[in-house]
$ cat query.cif   # mmCIF, C-alpha atoms (C1' of nucleotides)
data_input
#
loop_
_atom_site.label_atom_id
_atom_site.label_comp_id
_atom_site.auth_asym_id
_atom_site.auth_seq_id
_atom_site.Cartn_x
_atom_site.Cartn_y
_atom_site.Cartn_z
CA MET N 940 21.65 -0.68 20.63
CA THR N 941 21.43 -4.47 20.50
CA SER N 942 23.89 -5.17 23.27
CA GLU N 943 27.02 -3.80 24.97
CA SER N 944 30.47 -4.08 23.47
CA LEU N 945 31.22 -6.80 20.97
CA PRO N 946 33.53 -7.14 18.00
CA ARG N 947 32.29 -4.94 15.22
CA GLU N 948 31.57 -7.66 12.73
CA GLU N 949 29.54 -9.68 15.22
CA ARG N 950 27.69 -6.62 16.35
CA ARG N 951 26.79 -5.75 12.79
CA ARG N 952 25.60 -9.23 12.00
CA ARG N 953 23.32 -9.15 15.02
CA THR N 954 21.65 -5.87 14.23
CA GLU N 955 21.24 -6.95 10.63
CA ALA N 956 19.55 -10.14 11.81
CA THR N 957 17.36 -8.14 14.17
CA ILE N 958 16.26 -5.90 11.35
CA LEU N 959 15.54 -8.86 9.11
CA GLU N 960 13.50 -10.54 11.78
CA ALA N 961 11.47 -7.40 12.37
CA ALA N 962 10.95 -7.06 8.64
CA ARG N 963 9.74 -10.63 8.31
CA GLU N 964 7.29 -10.17 11.14
CA LEU N 965 5.89 -6.96 9.74
CA PHE N 966 5.70 -8.10 6.13
CA ALA N 967 3.97 -11.23 7.38
CA GLU N 968 1.52 -9.35 9.59
CA ALA N 969 0.75 -6.25 7.61
CA GLY N 970 1.79 -6.87 4.02
CA PHE N 971 4.33 -5.02 1.94
CA GLU N 972 2.60 -1.69 1.55
CA ARG N 973 1.46 -1.27 5.11
CA ALA N 974 4.73 -2.42 6.63
CA THR N 975 6.73 0.79 6.66
CA ILE N 976 10.48 1.04 6.93
CA ARG N 977 9.97 3.26 9.92
CA ALA N 978 7.95 0.56 11.64
CA VAL N 979 10.51 -2.12 10.85
CA ALA N 980 13.26 0.09 12.21
CA ALA N 981 11.27 0.88 15.32
CA ARG N 982 10.60 -2.78 16.02
CA ALA N 983 14.28 -3.54 15.57
CA GLY N 984 15.22 -0.61 17.83
CA VAL N 985 17.18 1.07 15.09
CA ASP N 986 17.13 4.15 12.90
CA PRO N 987 15.24 3.90 9.60
CA ALA N 988 18.30 5.12 7.73
CA LEU N 989 20.21 2.08 8.88
CA VAL N 990 17.69 -0.19 7.24
CA MET N 991 18.22 1.65 3.98
CA GLN N 992 21.96 1.40 4.40
CA TYR N 993 21.83 -2.36 4.75
CA TYR N 994 19.22 -3.26 2.17
CA GLY N 995 19.34 -0.41 -0.33
CA ASN N 996 15.63 0.12 -0.49
CA LYS N 997 12.35 -1.31 0.70
CA GLU N 998 12.22 -3.78 -2.15
CA GLY N 999 15.65 -5.11 -1.21
CA LEU N 1000 14.52 -5.53 2.36
CA PHE N 1001 11.50 -7.45 1.23
CA ALA N 1002 13.54 -9.66 -1.06
CA ALA N 1003 15.82 -10.52 1.84
CA ALA N 1004 12.94 -11.13 4.22
CA ALA N 1005 10.43 -13.09 2.12
CA ARG N 1006 12.11 -16.24 1.02
CA TRP N 1007 11.14 -19.74 0.06
CA HIS N 1008 13.53 -22.26 1.47
CA VAL N 1009 12.45 -25.67 0.37
CA ASP N 1010 14.66 -27.70 -1.85
CA HIS N 1011 12.83 -30.09 -4.06
CA LYS N 1012 15.33 -32.91 -4.14
CA ARG N 1013 12.96 -35.39 -2.52
CA LEU N 1014 10.14 -34.31 -4.78
CA ALA N 1015 12.24 -34.85 -7.87
CA GLU N 1016 13.08 -38.38 -6.82
CA ALA N 1017 9.74 -39.38 -5.36
CA PRO N 1018 7.78 -42.05 -7.19
CA LEU N 1019 4.23 -41.25 -8.17
CA SER N 1020 2.74 -42.80 -5.08
CA GLU N 1021 4.81 -40.67 -2.72
CA ILE N 1022 4.37 -37.31 -4.40
CA PRO N 1023 1.41 -36.19 -2.28
CA GLN N 1024 3.13 -36.99 0.99
CA THR N 1025 6.32 -35.32 -0.16
CA ALA N 1026 4.53 -32.20 -1.37
CA LEU N 1027 2.79 -31.85 1.98
CA ASP N 1028 6.08 -32.44 3.80
CA ASP N 1029 7.68 -29.65 1.81
CA LEU N 1030 4.81 -27.38 2.66
CA PHE N 1031 4.99 -28.03 6.38
CA ALA N 1032 8.76 -27.77 6.32
CA GLY N 1033 8.38 -24.13 5.39
CA PHE N 1034 5.71 -23.24 7.90
CA ASP N 1035 6.36 -25.32 10.98
CA ASP N 1036 9.98 -24.34 11.42
CA PRO N 1037 9.76 -21.14 13.52
CA GLN N 1038 12.86 -19.80 11.80
CA LYS N 1039 11.34 -20.07 8.36
CA ARG N 1040 7.74 -19.44 9.24
CA ASP N 1041 7.59 -15.64 9.14
CA GLY N 1042 9.50 -15.49 5.90
CA ALA N 1043 7.18 -18.01 4.31
CA ILE N 1044 4.10 -16.21 5.54
CA ALA N 1045 5.51 -12.89 4.36
CA LEU N 1046 5.93 -14.34 0.90
CA LEU N 1047 2.53 -16.00 0.87
CA ARG N 1048 0.71 -12.95 2.15
CA ASN N 1049 2.15 -10.67 -0.50
CA CYS N 1050 2.15 -12.95 -3.49
CA LEU N 1051 -1.19 -11.65 -4.76
CA THR N 1052 -0.40 -7.96 -4.53
CA HIS N 1053 3.34 -7.55 -4.75
CA GLU N 1054 5.13 -8.08 -8.02
CA SER N 1055 8.36 -9.56 -6.73
CA ALA N 1056 6.58 -11.91 -4.35
CA LEU N 1057 4.43 -13.08 -7.21
CA LYS N 1058 7.54 -13.70 -9.25
CA VAL N 1059 9.15 -15.80 -6.53
CA MET N 1060 5.94 -17.72 -6.13
CA ARG N 1061 5.60 -18.40 -9.82
CA ASP N 1062 9.23 -19.12 -10.62
CA ASP N 1063 10.63 -20.73 -7.51
CA VAL N 1064 7.69 -22.17 -5.64
CA MET N 1065 5.45 -23.42 -8.42
CA ARG N 1066 7.21 -23.87 -11.74
CA GLU N 1067 10.06 -26.12 -10.74
CA PRO N 1068 8.22 -28.56 -8.47
CA GLN N 1069 5.30 -28.55 -10.84
CA ALA N 1070 7.58 -29.56 -13.70
CA MET N 1071 9.12 -32.31 -11.61
CA ILE N 1072 5.75 -33.67 -10.64
CA ALA N 1073 4.51 -33.47 -14.21
CA ARG N 1074 7.54 -35.44 -15.38
CA THR N 1075 6.82 -38.15 -12.85
CA ILE N 1076 3.13 -38.27 -13.69
CA GLY N 1077 3.61 -38.39 -17.44
CA GLY N 1078 0.83 -38.60 -19.98
CA ASP N 1079 -1.50 -36.00 -21.40
CA ASP N 1080 -2.77 -34.09 -18.41
CA ALA N 1081 0.50 -34.25 -16.53
CA GLU N 1082 1.20 -30.51 -16.44
CA LEU N 1083 -2.36 -29.68 -15.55
CA ARG N 1084 -2.58 -32.29 -12.83
CA ALA N 1085 0.68 -31.10 -11.37
CA GLY N 1086 -0.57 -27.53 -11.46
CA LEU N 1087 -3.78 -28.47 -9.72
CA LEU N 1088 -1.84 -30.27 -7.03
CA ALA N 1089 0.31 -27.23 -6.43
CA ALA N 1090 -2.78 -25.05 -6.40
CA SER N 1091 -4.53 -27.25 -3.86
CA VAL N 1092 -1.54 -27.30 -1.58
CA ILE N 1093 -1.14 -23.54 -1.71
CA GLY N 1094 -4.85 -23.17 -1.09
CA ILE N 1095 -4.50 -25.25 2.03
CA ALA N 1096 -1.56 -23.17 3.20
CA ILE N 1097 -3.57 -20.01 2.71
CA ALA N 1098 -6.57 -21.40 4.55
CA ARG N 1099 -4.41 -22.60 7.42
CA TYR N 1100 -1.92 -19.81 7.90
CA LEU N 1101 -3.58 -16.70 6.49
CA PHE N 1102 -7.33 -17.14 6.54
CA GLU N 1103 -6.95 -19.05 9.76
CA ASN N 1104 -9.95 -21.10 8.77
CA PRO N 1105 -10.94 -22.68 12.09
CA ALA N 1106 -11.20 -26.29 10.99
CA VAL N 1107 -8.13 -26.23 8.78
CA GLN N 1108 -6.06 -24.33 11.32
CA ALA N 1109 -7.02 -26.51 14.25
CA ALA N 1110 -6.32 -29.77 12.46
CA SER N 1111 -3.16 -31.64 13.31
CA ARG N 1112 -0.60 -32.22 10.64
CA GLU N 1113 -1.42 -35.91 10.86
CA ASP N 1114 -5.09 -35.33 10.22
CA LEU N 1115 -4.34 -33.17 7.23
CA GLU N 1116 -2.09 -35.82 5.77
CA ARG N 1117 -4.47 -38.63 6.52
CA ILE N 1118 -7.20 -36.88 4.61
CA MET N 1119 -5.28 -35.18 1.84
CA VAL N 1120 -2.75 -37.82 0.82
CA PRO N 1121 -5.34 -40.20 -0.64
CA VAL N 1122 -7.13 -37.30 -2.28
CA LEU N 1123 -4.00 -35.99 -3.93
CA LYS N 1124 -3.12 -39.52 -4.98
CA ALA N 1125 -6.34 -39.59 -6.93
CA LEU N 1126 -5.09 -36.44 -8.61
CA VAL N 1127 -1.64 -37.62 -9.65
CA ASP N 1128 -2.48 -41.28 -10.13
CA PRO N 1129 -6.02 -41.43 -11.45
CA MET K 1091 -18.57 14.21 -18.69
CA THR K 1092 -19.97 10.81 -19.51
CA SER K 1093 -22.22 11.91 -22.35
CA GLU K 1094 -24.22 14.90 -23.53
CA SER K 1095 -27.53 15.83 -21.95
CA LEU K 1096 -29.56 13.25 -20.12
CA PRO K 1097 -31.98 13.34 -17.25
CA ARG K 1098 -30.05 14.00 -14.08
CA GLU K 1099 -30.86 10.76 -12.36
CA GLU K 1100 -29.84 8.68 -15.35
CA ARG K 1101 -26.68 10.69 -15.80
CA ARG K 1102 -25.75 10.18 -12.21
CA ARG K 1103 -26.36 6.47 -12.33
CA ARG K 1104 -24.11 6.21 -15.34
CA THR K 1105 -21.16 8.06 -13.87
CA GLU K 1106 -21.52 6.10 -10.68
CA ALA K 1107 -21.41 2.88 -12.67
CA THR K 1108 -18.40 4.14 -14.61
CA ILE K 1109 -16.58 4.91 -11.39
CA LEU K 1110 -17.42 1.52 -9.96
CA GLU K 1111 -16.21 -0.23 -13.08
CA ALA K 1112 -12.94 1.68 -13.02
CA ALA K 1113 -12.54 0.87 -9.35
CA ARG K 1114 -13.12 -2.82 -9.93
CA GLU K 1115 -10.56 -2.88 -12.71
CA LEU K 1116 -7.93 -1.08 -10.69
CA PHE K 1117 -8.52 -2.98 -7.45
CA ALA K 1118 -8.30 -6.18 -9.49
CA GLU K 1119 -5.14 -5.15 -11.34
CA ALA K 1120 -3.17 -3.29 -8.74
CA GLY K 1121 -4.58 -4.20 -5.36
CA PHE K 1122 -6.13 -1.94 -2.75
CA GLU K 1123 -3.09 0.05 -1.68
CA ARG K 1124 -1.68 0.76 -5.09
CA ALA K 1125 -5.02 1.59 -6.65
CA THR K 1126 -5.35 5.28 -5.82
CA ILE K 1127 -8.55 7.25 -5.82
CA ARG K 1128 -6.93 9.62 -8.25
CA ALA K 1129 -6.26 6.77 -10.66
CA VAL K 1130 -9.79 5.45 -10.36
CA ALA K 1131 -11.17 8.93 -11.00
CA ALA K 1132 -8.86 9.43 -13.96
CA ARG K 1133 -9.88 6.13 -15.52
CA ALA K 1134 -13.53 7.06 -15.04
CA GLY K 1135 -12.91 10.52 -16.46
CA VAL K 1136 -14.04 12.22 -13.32
CA ASP K 1137 -12.73 14.34 -10.47
CA PRO K 1138 -11.34 12.49 -7.44
CA ALA K 1139 -13.59 14.45 -5.14
CA LEU K 1140 -16.60 13.00 -6.86
CA VAL K 1141 -15.50 9.50 -5.97
CA MET K 1142 -15.31 10.57 -2.34
CA GLN K 1143 -18.72 12.13 -2.58
CA TYR K 1144 -20.31 8.93 -3.84
CA TYR K 1145 -18.53 6.38 -1.71
CA GLY K 1146 -17.47 8.28 1.39
CA ASN K 1147 -13.93 7.04 1.45
CA LYS K 1148 -11.61 4.60 -0.22
CA GLU K 1149 -12.80 1.75 1.94
CA GLY K 1150 -16.39 2.41 0.93
CA LEU K 1151 -15.39 2.35 -2.70
CA PHE K 1152 -13.64 -0.95 -2.21
CA ALA K 1153 -16.57 -2.46 -0.39
CA ALA K 1154 -18.83 -1.50 -3.27
CA ALA K 1155 -16.41 -2.78 -5.89
CA ALA K 1156 -15.17 -6.07 -4.46
CA ARG K 1157 -18.13 -8.32 -4.06
CA TRP K 1158 -18.91 -11.98 -3.99
CA HIS K 1159 -22.09 -12.76 -5.76
CA VAL K 1160 -22.71 -16.45 -5.56
CA ASP K 1161 -25.74 -17.73 -3.77
CA HIS K 1162 -25.29 -21.13 -2.27
CA LYS K 1163 -28.78 -22.44 -2.71
CA ARG K 1164 -27.70 -25.28 -5.00
CA LEU K 1165 -24.84 -26.13 -2.71
CA ALA K 1166 -27.12 -26.41 0.28
CA GLU K 1167 -29.41 -28.81 -1.51
CA ALA K 1168 -26.79 -30.83 -3.35
CA PRO K 1169 -26.36 -34.47 -2.31
CA LEU K 1170 -22.89 -35.59 -1.38
CA SER K 1171 -22.06 -36.86 -4.84
CA GLU K 1172 -22.82 -33.54 -6.50
CA ILE K 1173 -21.04 -31.25 -4.12
CA PRO K 1174 -17.78 -31.10 -6.08
CA GLN K 1175 -19.47 -30.25 -9.35
CA THR K 1176 -21.64 -27.65 -7.65
CA ALA K 1177 -18.71 -26.04 -5.87
CA LEU K 1178 -16.80 -25.72 -9.13
CA ASP K 1179 -19.90 -24.36 -10.84
CA ASP K 1180 -20.21 -21.70 -8.16
CA LEU K 1181 -16.56 -20.80 -8.62
CA PHE K 1182 -16.80 -20.42 -12.36
CA ALA K 1183 -20.06 -18.54 -12.05
CA GLY K 1184 -18.13 -15.78 -10.32
CA PHE K 1185 -15.20 -15.60 -12.70
CA ASP K 1186 -16.55 -16.39 -16.14
CA ASP K 1187 -19.31 -13.83 -16.14
CA PRO K 1188 -17.56 -10.68 -17.43
CA GLN K 1189 -19.82 -8.54 -15.28
CA LYS K 1190 -18.77 -10.26 -12.09
CA ARG K 1191 -15.21 -11.13 -13.01
CA ASP K 1192 -13.41 -7.93 -12.02
CA GLY K 1193 -15.22 -7.70 -8.73
CA ALA K 1194 -14.38 -11.27 -7.90
CA ILE K 1195 -10.74 -10.83 -8.86
CA ALA K 1196 -10.59 -7.61 -6.86
CA LEU K 1197 -11.80 -9.48 -3.82
CA LEU K 1198 -9.52 -12.45 -4.36
CA ARG K 1199 -6.45 -10.34 -5.00
CA ASN K 1200 -6.86 -8.35 -1.82
CA CYS K 1201 -8.06 -11.00 0.55
CA LEU K 1202 -4.55 -11.67 1.90
CA THR K 1203 -3.58 -8.07 2.57
CA HIS K 1204 -6.75 -6.10 3.10
CA GLU K 1205 -8.76 -6.52 6.23
CA SER K 1206 -12.25 -6.03 4.83
CA ALA K 1207 -11.57 -8.32 1.88
CA LEU K 1208 -10.36 -10.97 4.26
CA LYS K 1209 -13.52 -10.56 6.27
CA VAL K 1210 -15.75 -11.03 3.23
CA MET K 1211 -13.71 -14.04 2.22
CA ARG K 1212 -13.95 -15.62 5.63
CA ASP K 1213 -17.54 -14.80 6.44
CA ASP K 1214 -19.34 -14.83 3.12
CA VAL K 1215 -17.25 -16.97 0.81
CA MET K 1216 -15.98 -19.70 3.09
CA ARG K 1217 -17.94 -20.08 6.30
CA GLU K 1218 -21.42 -20.50 4.97
CA PRO K 1219 -20.76 -22.91 2.10
CA GLN K 1220 -18.29 -24.78 4.26
CA ALA K 1221 -20.92 -25.28 6.91
CA MET K 1222 -23.41 -26.47 4.33
CA ILE K 1223 -20.97 -28.95 2.88
CA ALA K 1224 -19.99 -30.17 6.32
CA ARG K 1225 -23.61 -30.76 7.16
CA THR K 1226 -24.07 -32.85 4.04
CA ILE K 1227 -20.87 -34.79 4.62
CA GLY K 1228 -21.56 -35.57 8.24
CA GLY K 1229 -19.32 -37.60 10.52
CA ASP K 1230 -16.16 -36.74 12.37
CA ASP K 1231 -14.01 -34.94 9.85
CA ALA K 1232 -16.88 -33.16 8.17
CA GLU K 1233 -15.83 -29.61 9.00
CA LEU K 1234 -12.22 -30.28 8.12
CA ARG K 1235 -13.05 -31.99 4.86
CA ALA K 1236 -15.34 -29.17 3.90
CA GLY K 1237 -12.62 -26.66 4.75
CA LEU K 1238 -10.10 -28.51 2.66
CA LEU K 1239 -12.48 -28.57 -0.25
CA ALA K 1240 -13.00 -24.85 -0.01
CA ALA K 1241 -9.26 -24.34 0.30
CA SER K 1242 -8.55 -26.42 -2.78
CA VAL K 1243 -11.12 -24.61 -4.84
CA ILE K 1244 -9.79 -21.22 -3.82
CA GLY K 1245 -6.27 -22.38 -4.55
CA ILE K 1246 -7.34 -23.31 -8.05
CA ALA K 1247 -8.97 -19.94 -8.53
CA ILE K 1248 -5.79 -18.20 -7.43
CA ALA K 1249 -3.63 -20.33 -9.70
CA ARG K 1250 -5.93 -19.73 -12.66
CA TYR K 1251 -6.88 -16.10 -12.32
CA LEU K 1252 -4.07 -14.48 -10.32
CA PHE K 1253 -0.91 -16.51 -10.68
CA GLU K 1254 -1.92 -17.24 -14.24
CA ASN K 1255 -0.23 -20.59 -13.91
CA PRO K 1256 0.13 -21.63 -17.57
CA ALA K 1257 -1.32 -25.13 -17.34
CA VAL K 1258 -4.15 -24.19 -15.01
CA GLN K 1259 -5.00 -21.04 -16.91
CA ALA K 1260 -4.97 -22.68 -20.32
CA ALA K 1261 -7.15 -25.58 -19.31
CA SER K 1262 -10.76 -25.58 -20.38
CA ARG K 1263 -13.45 -25.57 -17.80
CA GLU K 1264 -14.37 -29.06 -18.93
CA ASP K 1265 -10.86 -30.36 -18.37
CA LEU K 1266 -10.74 -28.85 -14.91
CA GLU K 1267 -14.01 -30.45 -14.01
CA ARG K 1268 -13.12 -33.78 -15.55
CA ILE K 1269 -10.00 -33.93 -13.40
CA MET K 1270 -11.12 -32.26 -10.20
CA VAL K 1271 -14.62 -33.64 -9.70
CA PRO K 1272 -13.44 -37.21 -9.00
CA VAL K 1273 -10.64 -35.88 -6.82
CA LEU K 1274 -12.95 -33.74 -4.74
CA LYS K 1275 -15.36 -36.63 -4.51
CA ALA K 1276 -12.62 -38.59 -2.81
CA LEU K 1277 -12.43 -35.71 -0.36
CA VAL K 1278 -16.09 -35.42 0.56
CA ASP K 1279 -17.01 -39.07 0.12
CA PRO K 1280 -13.99 -41.10 1.18
"C1'" DG S 729 48.40 7.63 20.20
"C1'" DG S 730 46.51 9.36 16.06
"C1'" DA S 731 43.96 8.63 11.94
"C1'" DA S 732 41.10 5.97 9.25
"C1'" DA S 733 36.99 3.02 9.07
"C1'" DC S 734 32.71 1.89 10.40
"C1'" DG S 735 28.14 1.27 12.93
"C1'" DG S 736 24.73 4.09 13.80
"C1'" DT S 737 21.83 8.55 14.29
"C1'" DC S 738 19.64 13.00 12.96
"C1'" DA S 739 17.13 16.13 10.45
"C1'" DA S 740 15.16 17.02 6.38
"C1'" DC S 741 13.59 16.77 1.46
"C1'" DG S 742 10.28 15.79 -2.14
"C1'" DC S 743 6.53 13.30 -3.31
"C1'" DT S 744 2.11 10.98 -3.06
"C1'" DT S 745 -1.78 10.00 -0.68
"C1'" DG S 746 -6.68 10.40 1.23
"C1'" DT S 747 -9.63 13.88 2.15
"C1'" DA S 748 -12.24 18.53 2.91
"C1'" DG S 749 -14.71 22.67 1.55
"C1'" DA S 750 -15.80 26.22 -1.37
"C1'" DG S 751 -17.30 27.10 -5.82
"C1'" DT S 752 -19.68 26.56 -10.74
"C1'" DG S 753 -22.70 25.71 -14.19
"C1'" DA S 754 -26.37 22.94 -15.95
"C1'" DT S 755 -30.88 21.01 -14.87
"C1'" DC S 756 -35.05 20.85 -12.58
"C1'" DT S 757 -39.25 22.95 -10.48
"C1'" DA S 758 -42.83 26.26 -9.74
"C1'" DT Z 368 -38.04 32.82 -16.07
"C1'" DA Z 369 -36.18 32.96 -11.41
"C1'" DG Z 370 -34.55 30.39 -7.86
"C1'" DA Z 371 -33.40 26.03 -5.84
"C1'" DT Z 372 -31.09 21.78 -6.51
"C1'" DC Z 373 -27.78 18.82 -7.85
"C1'" DA Z 374 -23.75 16.73 -10.38
"C1'" DC Z 375 -19.43 17.92 -10.64
"C1'" DT Z 376 -14.79 20.48 -10.35
"C1'" DC Z 377 -10.96 23.23 -8.29
"C1'" DT Z 378 -7.71 24.08 -4.91
"C1'" DA Z 379 -5.56 22.97 -1.05
"C1'" DC Z 380 -4.22 20.77 3.29
"C1'" DA Z 381 -2.11 17.62 6.52
"C1'" DA Z 382 -0.03 13.39 7.11
"C1'" DG Z 383 2.86 9.73 5.95
"C1'" DC Z 384 5.99 7.73 2.94
"C1'" DG Z 385 10.79 6.23 0.99
"C1'" DT Z 386 15.01 8.09 0.74
"C1'" DT Z 387 19.27 11.09 1.37
"C1'" DG Z 388 23.50 13.26 3.10
"C1'" DA Z 389 25.77 15.21 6.78
"C1'" DC Z 390 27.09 14.03 11.14
"C1'" DC Z 391 28.71 11.56 15.75
"C1'" DG Z 392 31.16 8.31 18.63
"C1'" DT Z 393 33.43 4.06 19.07
"C1'" DT Z 394 36.34 0.56 17.42
"C1'" DT Z 395 40.10 -0.81 14.61
"C1'" DC Z 396 44.66 -0.52 12.66
"C1'" DC Z 397 49.41 1.21 11.84
#

$ encode --input "query.cif" --output "structure tokens"
Amino acid sequence: MTSESLPREERRRRTEATILEAARELFAEAGFERATIRAVAARAGVDPALVMQYYGNKEGLFAAAARWHVDHKRLAEAPLSEIPQTALDDLFAGFDDPQKRDGAIALLRNCLTHESALKVMRDDVMREPQAMIARTIGGDDAELRAGLLAASVIGIAIARYLFENPAVQAASREDLERIMVPVLKALVDP
Amino acid sequence: MTSESLPREERRRRTEATILEAARELFAEAGFERATIRAVAARAGVDPALVMQYYGNKEGLFAAAARWHVDHKRLAEAPLSEIPQTALDDLFAGFDDPQKRDGAIALLRNCLTHESALKVMRDDVMREPQAMIARTIGGDDAELRAGLLAASVIGIAIARYLFENPAVQAASREDLERIMVPVLKALVDP
DNA sequence: GGAAACGGTCAACGCTTGTAGAGTGATCTA
DNA sequence: TAGATCACTCTACAAGCGTTGACCGTTTCC
């Protein structure tokens, strides 16, 4: 139903992408429980059974849709003084790219109520970068300080993209960095 | 079914409290959608229909269970230098008191996926204290800085009580304050 | 050109959910 | 002590859900 006559493989890839996009939007808007497979299928202009066929079950669809996509290479190599800027860059990289945005929001929105989203958040989003930052910080409180940095950054993401807190949402990326970088420096480099 | 023979009014108050406690626990553990009325009733040792009778519908039950209970008097009167400490005090006041804890967690857990929890979070938890803090800060960025403070604090609460981030969860309240108060001071008093 | 393969649809099942209304037995009141 | 009241239960409904298996029509391949 996506378009007229194309090679099969291409056609399949397109409908699959359409489904995934619809899923991301709905998981981001409504959350896992309230985003029904029927609604995803309807938005993609497709039969619900096809969604099952491609992704096995609702959980598989969610796993494919809600992804974190930031690699932490820069963070691992950043010196102490550049950690805050890098952490904020990584955050914005996930949310400002329109291609990644819905998937990131889908993950963020569901990470407090959906087991597998929580797992991704804990294992992929927090643990690794937190460990890197802690290694760079060094000293007694390193793990805790790194954890508090991650927590603050996620809090800002929630305020900006989910709560849509007026001041935090309206602020430019530059303003956020101007204010938060020195603050987070005081956290990692006391 | 709560206990043997008591005056009716007292008996009723007790079962109602039992139901509310069960609801708080389940909304905190499982989230709004996955916490069923049947499960709440079962945990309270009561018929599901009774829950409906007392709270009208599931939404009413949630509204009664998930509450924020911090008054912001101290925050409104706090000078700039004491805002961070006061904000953290207010946070811990909600989560360390065993009587308030489940209700607070229920609210926090559902505030990304459940409309009415989001509304409470936005209107009662963030807007008012944020406005107070902004007023005390003054100047151009006041609203934004206040919003970022609120965001950071909520991020810490999420990391500590929902993600159960090892470092952040294991830290003592004193350690958290020792580290975060100077950091947040740099945010409100640059 | 015929058969296999494949993208996609259709109709339906079984289950869980929130919710409604009638009923029941203990407690209160007069 | 008789009747009204009230806390509470039982049974059931209607809707929505994830999921399934049989089916259809087009594209692919020999």

$ closest_atom_pairs --input "query.cif" --of "segment 991-1063 of chain N" --to "segment 381-390 of chain Z" --cutoff "10 Å" --atoms "only C-alpha atoms (C1' of nucleotides)" --output "JSON lines"
{"residue": "N:Met991", "atom": "CA", "partner": "Z:DT386", "partner_atom": "C1'", "distance": 7.9}
{"residue": "N:Gly995", "atom": "CA", "partner": "Z:DT386", "partner_atom": "C1'", "distance": 9.6}
{"residue": "N:Asn996", "atom": "CA", "partner": "Z:DG385", "partner_atom": "C1'", "distance": 7.9}
{"residue": "N:Lys997", "atom": "CA", "partner": "Z:DG385", "partner_atom": "C1'", "distance": 7.7}

$ atom_distance --input "query.cif" --atom1 "atom CA of Thr1052 of chain N" --atom2 "atom CA of Ala1120 of chain K"
6.9 Å

$ interface_residues --input "query.cif" --of "chain Z" --to "chain K" --cutoff "8 Å" --atoms "only C-alpha atoms (C1' of nucleotides)" --output "VMD selection string"
chain Z and resid 374 to 376

$ atom_distance --input "query.cif" --atom1 "atom CA of Glu964 of chain N" --atom2 "atom CA of Arg982 of chain N"
9.5 Å

$ residues_around --input "query.cif" --residues "segment 1240-1252 of chain K" --least-positions-apart "4" --cutoff "10 Å" --atoms "only C-alpha atoms (C1' of nucleotides)" --output "mmCIF file with C-alpha atoms, in the frame of the given file"
data_model
loop_
_atom_site.group_PDB
_atom_site.id
_atom_site.type_symbol
_atom_site.label_atom_id
_atom_site.label_comp_id
_atom_site.auth_asym_id
_atom_site.auth_seq_id
_atom_site.Cartn_x
_atom_site.Cartn_y
_atom_site.Cartn_z
ATOM 1 C CA CYS N 1050 2.150 -12.950 -3.490
ATOM 2 C CA LEU N 1051 -1.190 -11.650 -4.760
ATOM 3 C CA THR N 1052 -0.400 -7.960 -4.530
ATOM 4 C CA LEU N 1057 4.430 -13.080 -7.210
ATOM 5 C CA ARG N 1061 5.600 -18.400 -9.820
ATOM 6 C CA MET N 1065 5.450 -23.420 -8.420
ATOM 7 C CA GLY N 1086 -0.570 -27.530 -11.460
ATOM 8 C CA LEU N 1087 -3.780 -28.470 -9.720
ATOM 9 C CA LEU N 1088 -1.840 -30.270 -7.030
ATOM 10 C CA ALA N 1089 0.310 -27.230 -6.430
ATOM 11 C CA ALA N 1090 -2.780 -25.050 -6.400
ATOM 12 C CA SER N 1091 -4.530 -27.250 -3.860
ATOM 13 C CA VAL N 1092 -1.540 -27.300 -1.580
ATOM 14 C CA ILE N 1093 -1.140 -23.540 -1.710
ATOM 15 C CA GLY N 1094 -4.850 -23.170 -1.090
ATOM 16 C CA ILE N 1095 -4.500 -25.250 2.030
ATOM 17 C CA ALA N 1096 -1.560 -23.170 3.200
ATOM 18 C CA ILE N 1097 -3.570 -20.010 2.710
ATOM 19 C CA ALA N 1098 -6.570 -21.400 4.550
ATOM 20 C CA ARG N 1099 -4.410 -22.600 7.420
ATOM 21 C CA PHE N 1102 -7.330 -17.140 6.540
ATOM 22 C CA ASN N 1104 -9.950 -21.100 8.770
ATOM 23 C CA VAL N 1107 -8.130 -26.230 8.780
ATOM 24 C CA ALA K 1118 -8.300 -6.180 -9.490
ATOM 25 C CA GLU K 1119 -5.140 -5.150 -11.340
ATOM 26 C CA PRO K 1174 -17.780 -31.100 -6.080
ATOM 27 C CA ALA K 1177 -18.710 -26.040 -5.870
ATOM 28 C CA LEU K 1178 -16.800 -25.720 -9.130
ATOM 29 C CA LEU K 1181 -16.560 -20.800 -8.620
ATOM 30 C CA PHE K 1182 -16.800 -20.420 -12.360
ATOM 31 C CA PHE K 1185 -15.200 -15.600 -12.700
ATOM 32 C CA ARG K 1191 -15.210 -11.130 -13.010
ATOM 33 C CA ALA K 1194 -14.380 -11.270 -7.900
ATOM 34 C CA ILE K 1195 -10.740 -10.830 -8.860
ATOM 35 C CA LEU K 1198 -9.520 -12.450 -4.360
ATOM 36 C CA ARG K 1199 -6.450 -10.340 -5.000
ATOM 37 C CA VAL K 1215 -17.250 -16.970 0.810
ATOM 38 C CA MET K 1216 -15.980 -19.700 3.090
ATOM 39 C CA ARG K 1217 -17.940 -20.080 6.300
ATOM 40 C CA PRO K 1219 -20.760 -22.910 2.100
ATOM 41 C CA GLN K 1220 -18.290 -24.780 4.260
ATOM 42 C CA ILE K 1223 -20.970 -28.950 2.880
ATOM 43 C CA LEU K 1234 -12.220 -30.280 8.120
ATOM 44 C CA ARG K 1235 -13.050 -31.990 4.860
ATOM 45 C CA ALA K 1236 -15.340 -29.170 3.900
ATOM 46 C CA PRO K 1256 0.130 -21.630 -17.570
ATOM 47 C CA ALA K 1257 -1.320 -25.130 -17.340
ATOM 48 C CA VAL K 1258 -4.150 -24.190 -15.010
ATOM 49 C CA GLN K 1259 -5.000 -21.040 -16.910
ATOM 50 C CA ALA K 1260 -4.970 -22.680 -20.320
ATOM 51 C CA ALA K 1261 -7.150 -25.580 -19.310
ATOM 52 C CA LEU K 1266 -10.740 -28.850 -14.910
ATOM 53 C CA MET K 1270 -11.120 -32.260 -10.200
ATOM 54 C CA LEU K 1274 -12.950 -33.740 -4.740
#
